[in-house]
file protein.cif (mmCIF, C-alpha atoms)
data_coords
#
loop_
_atom_site.group_PDB
_atom_site.id
_atom_site.type_symbol
_atom_site.label_atom_id
_atom_site.label_comp_id
_atom_site.auth_asym_id
_atom_site.auth_seq_id
_atom_site.Cartn_x
_atom_site.Cartn_y
_atom_site.Cartn_z
ATOM 1 C CA MET A 1325 -1.033 4.391 4.554
ATOM 2 C CA MET A 1326 -2.086 0.753 4.306
ATOM 3 C CA LEU A 1327 -2.546 0.703 8.050
ATOM 4 C CA SER A 1328 -5.327 3.276 7.867
ATOM 5 C CA TRP A 1329 -6.851 1.800 4.707
ATOM 6 C CA LYS A 1330 -7.194 -1.617 6.259
ATOM 7 C CA MET A 1331 -8.328 -0.414 9.644
ATOM 8 C CA ALA A 1332 -10.704 2.518 9.086
ATOM 9 C CA ALA A 1333 -13.703 0.533 7.838
ATOM 10 C CA CYS A 1334 -13.213 -2.112 10.508
ATOM 11 C CA LEU A 1335 -13.218 0.445 13.318
ATOM 12 C CA ALA A 1336 -16.096 2.409 11.770
ATOM 13 C CA ALA A 1337 -18.164 -0.788 11.855
ATOM 14 C CA GLY A 1338 -17.492 -1.126 15.578
ATOM 15 C CA ASN A 1339 -14.937 -3.929 15.431
ATOM 16 C CA THR A 1340 -11.631 -4.359 17.172
ATOM 17 C CA VAL A 1341 -8.500 -4.728 15.051
ATOM 18 C CA VAL A 1342 -5.452 -6.964 15.164
ATOM 19 C CA ILE A 1343 -2.603 -5.705 12.989
ATOM 20 C CA LYS A 1344 0.410 -7.822 12.065
ATOM 21 C CA PRO A 1345 2.790 -5.415 10.335
ATOM 22 C CA ALA A 1346 5.620 -6.558 8.085
ATOM 23 C CA GLN A 1347 8.290 -8.030 10.340
ATOM 24 C CA VAL A 1348 10.940 -5.593 9.116
ATOM 25 C CA SER A 1349 8.827 -2.461 9.700
ATOM 26 C CA PRO A 1350 6.612 -2.730 12.790
ATOM 27 C CA LEU A 1351 7.395 0.668 14.334
ATOM 28 C CA THR A 1352 4.748 2.684 12.468
ATOM 29 C CA ALA A 1353 1.993 0.318 13.586
ATOM 30 C CA LEU A 1354 3.250 0.288 17.164
ATOM 31 C CA LYS A 1355 3.417 4.095 17.265
ATOM 32 C CA PHE A 1356 -0.042 4.315 15.696
ATOM 33 C CA ALA A 1357 -1.460 2.071 18.441
ATOM 34 C CA GLU A 1358 0.258 4.189 21.110
ATOM 35 C CA LEU A 1359 -1.139 7.413 19.643
ATOM 36 C CA SER A 1360 -4.602 5.841 19.349
ATOM 37 C CA MET A 1361 -4.573 5.088 23.069
ATOM 38 C CA LEU A 1362 -3.477 8.661 23.820
ATOM 39 C CA ALA A 1363 -6.344 9.893 21.605
ATOM 40 C CA GLY A 1364 -8.820 7.961 23.735
ATOM 41 C CA PHE A 1365 -9.274 4.602 22.041
ATOM 42 C CA PRO A 1366 -9.999 2.033 24.757
ATOM 43 C CA PRO A 1367 -7.351 -0.638 25.411
ATOM 44 C CA GLY A 1368 -7.863 -3.690 23.208
ATOM 45 C CA VAL A 1369 -9.528 -1.888 20.310
ATOM 46 C CA ILE A 1370 -6.309 -1.608 18.276
ATOM 47 C CA ASN A 1371 -3.888 -4.473 18.793
ATOM 48 C CA VAL A 1372 -0.470 -4.841 17.160
ATOM 49 C CA LEU A 1373 1.231 -8.217 16.899
ATOM 50 C CA PRO A 1374 4.740 -7.827 15.487
ATOM 51 C CA GLY A 1375 6.459 -10.976 14.313
ATOM 52 C CA ASN A 1376 7.185 -13.024 11.255
ATOM 53 C CA GLY A 1377 4.512 -14.191 8.870
ATOM 54 C CA SER A 1378 5.078 -17.908 9.186
ATOM 55 C CA VAL A 1379 4.431 -17.887 12.937
ATOM 56 C CA THR A 1380 2.503 -14.756 13.949
ATOM 57 C CA GLY A 1381 0.673 -14.279 10.650
ATOM 58 C CA GLN A 1382 -0.177 -17.961 10.412
ATOM 59 C CA ALA A 1383 -1.555 -17.952 13.974
ATOM 60 C CA ILE A 1384 -3.873 -15.070 13.065
ATOM 61 C CA ALA A 1385 -5.010 -16.772 9.849
ATOM 62 C CA ASP A 1386 -5.678 -20.038 11.716
ATOM 63 C CA HIS A 1387 -7.392 -18.527 14.777
ATOM 64 C CA PRO A 1388 -11.075 -19.525 14.978
ATOM 65 C CA LEU A 1389 -12.191 -16.228 16.570
ATOM 66 C CA VAL A 1390 -10.804 -14.062 13.756
ATOM 67 C CA ARG A 1391 -13.760 -13.445 11.419
ATOM 68 C CA LYS A 1392 -12.114 -11.355 8.675
ATOM 69 C CA LEU A 1393 -8.551 -11.075 7.471
ATOM 70 C CA GLY A 1394 -7.010 -8.561 5.071
ATOM 71 C CA PHE A 1395 -3.586 -9.121 3.523
ATOM 72 C CA THR A 1396 -1.416 -7.215 1.076
ATOM 73 C CA GLY A 1397 1.601 -9.017 -0.296
ATOM 74 C CA SER A 1398 2.772 -11.793 -2.568
ATOM 75 C CA THR A 1399 0.500 -14.154 -4.462
ATOM 76 C CA GLU A 1400 2.299 -17.130 -2.924
ATOM 77 C CA ILE A 1401 1.573 -16.040 0.660
ATOM 78 C CA GLY A 1402 -1.946 -14.978 -0.331
ATOM 79 C CA HIS A 1403 -2.614 -18.537 -1.460
ATOM 80 C CA THR A 1404 -1.477 -19.869 1.915
ATOM 81 C CA ILE A 1405 -3.616 -17.329 3.789
ATOM 82 C CA MET A 1406 -6.715 -18.084 1.730
ATOM 83 C CA LYS A 1407 -6.294 -21.799 2.404
ATOM 84 C CA SER A 1408 -5.859 -21.169 6.144
ATOM 85 C CA CYS A 1409 -8.949 -18.945 6.223
ATOM 86 C CA ALA A 1410 -10.982 -21.660 4.527
ATOM 87 C CA LEU A 1411 -9.742 -24.474 6.743
ATOM 88 C CA SER A 1412 -9.958 -22.680 10.100
ATOM 89 C CA ASN A 1413 -13.484 -21.250 10.192
ATOM 90 C CA ILE A 1414 -14.222 -20.187 6.616
ATOM 91 C CA LYS A 1415 -13.369 -16.600 7.546
ATOM 92 C CA LYS A 1416 -13.757 -13.833 5.018
ATOM 93 C CA CYS A 1417 -10.527 -12.574 3.524
ATOM 94 C CA SER A 1418 -9.509 -9.768 1.200
ATOM 95 C CA LEU A 1419 -6.254 -10.149 -0.618
ATOM 96 C CA GLU A 1420 -4.265 -7.535 -2.531
ATOM 97 C CA LEU A 1421 -1.639 -9.591 -4.268
ATOM 98 C CA GLY A 1422 1.354 -9.019 -6.490
ATOM 99 C CA GLY A 1423 1.774 -6.588 -9.332
ATOM 100 C CA LYS A 1424 1.847 -2.839 -9.346
ATOM 101 C CA SER A 1425 -0.798 -0.245 -9.928
ATOM 102 C CA PRO A 1426 -1.201 0.982 -13.493
ATOM 103 C CA LEU A 1427 -1.434 4.679 -14.283
ATOM 104 C CA ILE A 1428 -3.365 5.584 -17.425
ATOM 105 C CA ILE A 1429 -2.787 8.902 -19.212
ATOM 106 C CA PHE A 1430 -5.314 9.969 -21.864
ATOM 107 C CA ALA A 1431 -4.930 12.621 -24.555
ATOM 108 C CA ASP A 1432 -7.468 14.962 -22.937
ATOM 109 C CA CYS A 1433 -5.512 15.150 -19.677
ATOM 110 C CA ASP A 1434 -3.973 18.218 -18.114
ATOM 111 C CA MET A 1435 -0.456 17.333 -19.306
ATOM 112 C CA GLU A 1436 1.460 19.139 -16.556
ATOM 113 C CA LYS A 1437 -0.689 17.531 -13.865
ATOM 114 C CA ALA A 1438 -0.315 14.113 -15.517
ATOM 115 C CA ILE A 1439 3.466 14.459 -15.603
ATOM 116 C CA LYS A 1440 3.604 15.616 -11.978
ATOM 117 C CA ASN A 1441 1.333 12.766 -10.836
ATOM 118 C CA ALA A 1442 3.177 10.181 -12.902
ATOM 119 C CA LEU A 1443 6.532 11.187 -11.452
ATOM 120 C CA GLY A 1444 5.118 11.240 -7.942
ATOM 121 C CA SER A 1445 3.488 7.844 -8.453
ATOM 122 C CA VAL A 1446 6.713 6.278 -9.661
ATOM 123 C CA PHE A 1447 9.331 7.977 -7.494
ATOM 124 C CA PHE A 1448 7.492 8.576 -4.193
ATOM 125 C CA ASN A 1449 9.361 6.771 -1.408
ATOM 126 C CA LYS A 1450 11.957 5.620 -3.957
ATOM 127 C CA GLY A 1451 9.236 3.576 -5.662
ATOM 128 C CA GLU A 1452 9.068 1.337 -2.596
ATOM 129 C CA ASN A 1453 5.365 1.716 -2.159
ATOM 130 C CA CYS A 1454 2.565 -0.743 -2.739
ATOM 131 C CA ILE A 1455 0.659 1.847 -4.746
ATOM 132 C CA ALA A 1456 3.618 2.991 -6.817
ATOM 133 C CA ALA A 1457 2.776 3.095 -10.512
ATOM 134 C CA GLY A 1458 4.689 0.127 -11.856
ATOM 135 C CA ARG A 1459 3.177 0.610 -15.303
ATOM 136 C CA ILE A 1460 2.213 3.788 -17.102
ATOM 137 C CA PHE A 1461 -0.083 3.511 -20.100
ATOM 138 C CA VAL A 1462 -0.093 6.617 -22.300
ATOM 139 C CA GLU A 1463 -2.489 7.214 -25.172
ATOM 140 C CA GLU A 1464 -0.539 6.876 -28.408
ATOM 141 C CA THR A 1465 -1.313 10.386 -29.700
ATOM 142 C CA ILE A 1466 0.484 12.029 -26.751
ATOM 143 C CA TYR A 1467 3.066 9.351 -25.993
ATOM 144 C CA ASP A 1468 6.120 11.060 -27.534
ATOM 145 C CA HIS A 1469 5.401 14.424 -25.925
ATOM 146 C CA PHE A 1470 4.642 12.801 -22.556
ATOM 147 C CA LEU A 1471 7.842 10.768 -22.657
ATOM 148 C CA GLU A 1472 9.935 13.806 -23.614
ATOM 149 C CA ARG A 1473 8.487 15.835 -20.714
ATOM 150 C CA VAL A 1474 8.891 13.005 -18.197
ATOM 151 C CA VAL A 1475 12.545 12.592 -19.169
ATOM 152 C CA GLU A 1476 13.081 16.365 -18.792
ATOM 153 C CA GLU A 1477 11.526 16.404 -15.343
ATOM 154 C CA THR A 1478 13.312 13.254 -14.211
ATOM 155 C CA LYS A 1479 16.672 14.804 -15.097
ATOM 156 C CA LYS A 1480 15.861 17.683 -12.716
ATOM 157 C CA MET A 1481 15.493 15.332 -9.750
ATOM 158 C CA LYS A 1482 18.133 15.535 -7.091
ATOM 159 C CA ILE A 1483 19.357 12.420 -5.333
ATOM 160 C CA GLY A 1484 19.926 12.767 -1.608
ATOM 161 C CA ASP A 1485 18.006 13.908 1.432
ATOM 162 C CA PRO A 1486 14.331 14.158 0.361
ATOM 163 C CA LEU A 1487 13.824 17.084 2.748
ATOM 164 C CA ASP A 1488 16.554 19.085 1.013
ATOM 165 C CA ARG A 1489 14.524 20.530 -1.876
#
call {"tool": "encode", "arguments": {"input": "protein.cif", "output": "structure tokens"}}
result
Amino acid sequence: MMLSWKMAACLAAGNTVVIKPAQVSPLTALKFAELSMLAGFPPGVINVLPGNGSVTGQAIADHPLVRKLGFTGSTEIGHTIMKSCALSNIKKCSLELGGKSPLIIFADCDMEKAIKNALGSVFFNKGENCIAAGRIFVEETIYDHFLERVVEETKKMKIGDPLDR
């Protein structure tokens, strides 16, 4: 998901892309690049550089020909990247750092939809998702009912193969 978010605008503007996926999960990015070539993207438009952040990521952040860098991850590493971008060639950078996305539920919501979306936002991919709702804010007037319904629905969840529904 992040792969397409980060890349779509860049490609739409006519730029080439260099992607450095997380070192423990490079296969999606590599497969995406392969499929992009099969779909007709010219060689060199989408480039994947697997590796660790301290070497590969740092080389990208320091490279004088890189004009824009996007990073999603920890605040600590974001600080290092921002400093590198400033020192190398004052490249633009966008950083999405730390924390989790809040989900806000108001009293005028469609309650069943809110419950379904809240559960999906929290439990999708076992909660291991950068856009997982780490915080849910519920308007006080519906809090008790919302909580009761969420607990009911959570108890219905089955642990195991996610394809076995």
call {"tool": "resolve_selection", "arguments": {"input": "protein.cif", "expression": "the PyMOL selection byres ((chain A and resi 1418) around 8)", "output": "PDB file with C-alpha atoms, in the frame of the given file"}}
result
ATOM      1  CA  LEU A1393      -8.551 -11.075   7.471  1.00  0.00           C
ATOM      2  CA  GLY A1394      -7.010  -8.561   5.071  1.00  0.00           C
ATOM      3  CA  PHE A1395      -3.586  -9.121   3.523  1.00  0.00           C
ATOM      4  CA  LYS A1416     -13.757 -13.833   5.018  1.00  0.00           C
ATOM      5  CA  CYS A1417     -10.527 -12.574   3.524  1.00  0.00           C
ATOM      6  CA  LEU A1419      -6.254 -10.149  -0.618  1.00  0.00           C
ATOM      7  CA  GLU A1420      -4.265  -7.535  -2.531  1.00  0.00           C
TER       8      GLU A1420
END
call {"tool": "resolve_selection", "arguments": {"input": "protein.cif", "expression": "the PyMOL selection byres ((chain A and resi 1452-1469) around 9)", "output": "VMD selection string"}}
result
chain A and resid 1326 1396 to 1397 1423 to 1431 1442 to 1451 1470 to 1474
call {"tool": "write_last_selection", "arguments": {"input": "protein.cif", "atoms": "C-alpha atoms", "output": "mmCIF file, keeping the file's coordinate frame"}}
result
data_model
loop_
_atom_site.group_PDB
_atom_site.id
_atom_site.type_symbol
_atom_site.label_atom_id
_atom_site.label_comp_id
_atom_site.auth_asym_id
_atom_site.auth_seq_id
_atom_site.Cartn_x
_atom_site.Cartn_y
_atom_site.Cartn_z
ATOM 1 C CA MET A 1326 -2.086 0.753 4.306
ATOM 2 C CA THR A 1396 -1.416 -7.215 1.076
ATOM 3 C CA GLY A 1397 1.601 -9.017 -0.296
ATOM 4 C CA GLY A 1423 1.774 -6.588 -9.332
ATOM 5 C CA LYS A 1424 1.847 -2.839 -9.346
ATOM 6 C CA SER A 1425 -0.798 -0.245 -9.928
ATOM 7 C CA PRO A 1426 -1.201 0.982 -13.493
ATOM 8 C CA LEU A 1427 -1.434 4.679 -14.283
ATOM 9 C CA ILE A 1428 -3.365 5.584 -17.425
ATOM 10 C CA ILE A 1429 -2.787 8.902 -19.212
ATOM 11 C CA PHE A 1430 -5.314 9.969 -21.864
ATOM 12 C CA ALA A 1431 -4.930 12.621 -24.555
ATOM 13 C CA ALA A 1442 3.177 10.181 -12.902
ATOM 14 C CA LEU A 1443 6.532 11.187 -11.452
ATOM 15 C CA GLY A 1444 5.118 11.240 -7.942
ATOM 16 C CA SER A 1445 3.488 7.844 -8.453
ATOM 17 C CA VAL A 1446 6.713 6.278 -9.661
ATOM 18 C CA PHE A 1447 9.331 7.977 -7.494
ATOM 19 C CA PHE A 1448 7.492 8.576 -4.193
ATOM 20 C CA ASN A 1449 9.361 6.771 -1.408
ATOM 21 C CA LYS A 1450 11.957 5.620 -3.957
ATOM 22 C CA GLY A 1451 9.236 3.576 -5.662
ATOM 23 C CA PHE A 1470 4.642 12.801 -22.556
ATOM 24 C CA LEU A 1471 7.842 10.768 -22.657
ATOM 25 C CA GLU A 1472 9.935 13.806 -23.614
ATOM 26 C CA ARG A 1473 8.487 15.835 -20.714
ATOM 27 C CA VAL A 1474 8.891 13.005 -18.197
#
call {"tool": "atom_distance", "arguments": {"input": "protein.cif", "atom1": "atom CA of Asn1371 of chain A", "atom2": "atom CA of Ala1357 of chain A"}}
result
7.0 Å
call {"tool": "residues_near_point", "arguments": {"input": "protein.cif", "point": "(-14.0, -21.1, 9.6)", "cutoff": "9 Å", "atoms": "all atoms listed in the file", "output": "PyMOL selection string"}}
result
chain A and resi 1386-1391+1408-1416
call {"tool": "atom_distance", "arguments": {"input": "protein.cif", "atom1": "atom CA of Leu1373 of chain A", "atom2": "atom CA of Met1361 of chain A"}}
result
15.8 Å
call {"tool": "atom_distance", "arguments": {"input": "protein.cif", "atom1": "atom CA of Leu1327 of chain A", "atom2": "atom CA of Asn1441 of chain A"}}
result
22.7 Å
call {"tool": "residues_around", "arguments": {"input": "protein.cif", "residues": "Pro1350 of chain A", "least_positions_apart": "3", "cutoff": "10 Å", "atoms": "all atoms listed in the file", "output": "list in words"}}
result
Ile1343, Lys1344, Pro1345, Ala1346, Gln1347, Ala1353, Leu1354, Lys1355, Val1372, Leu1373, Pro1374 and Gly1375 of chain A
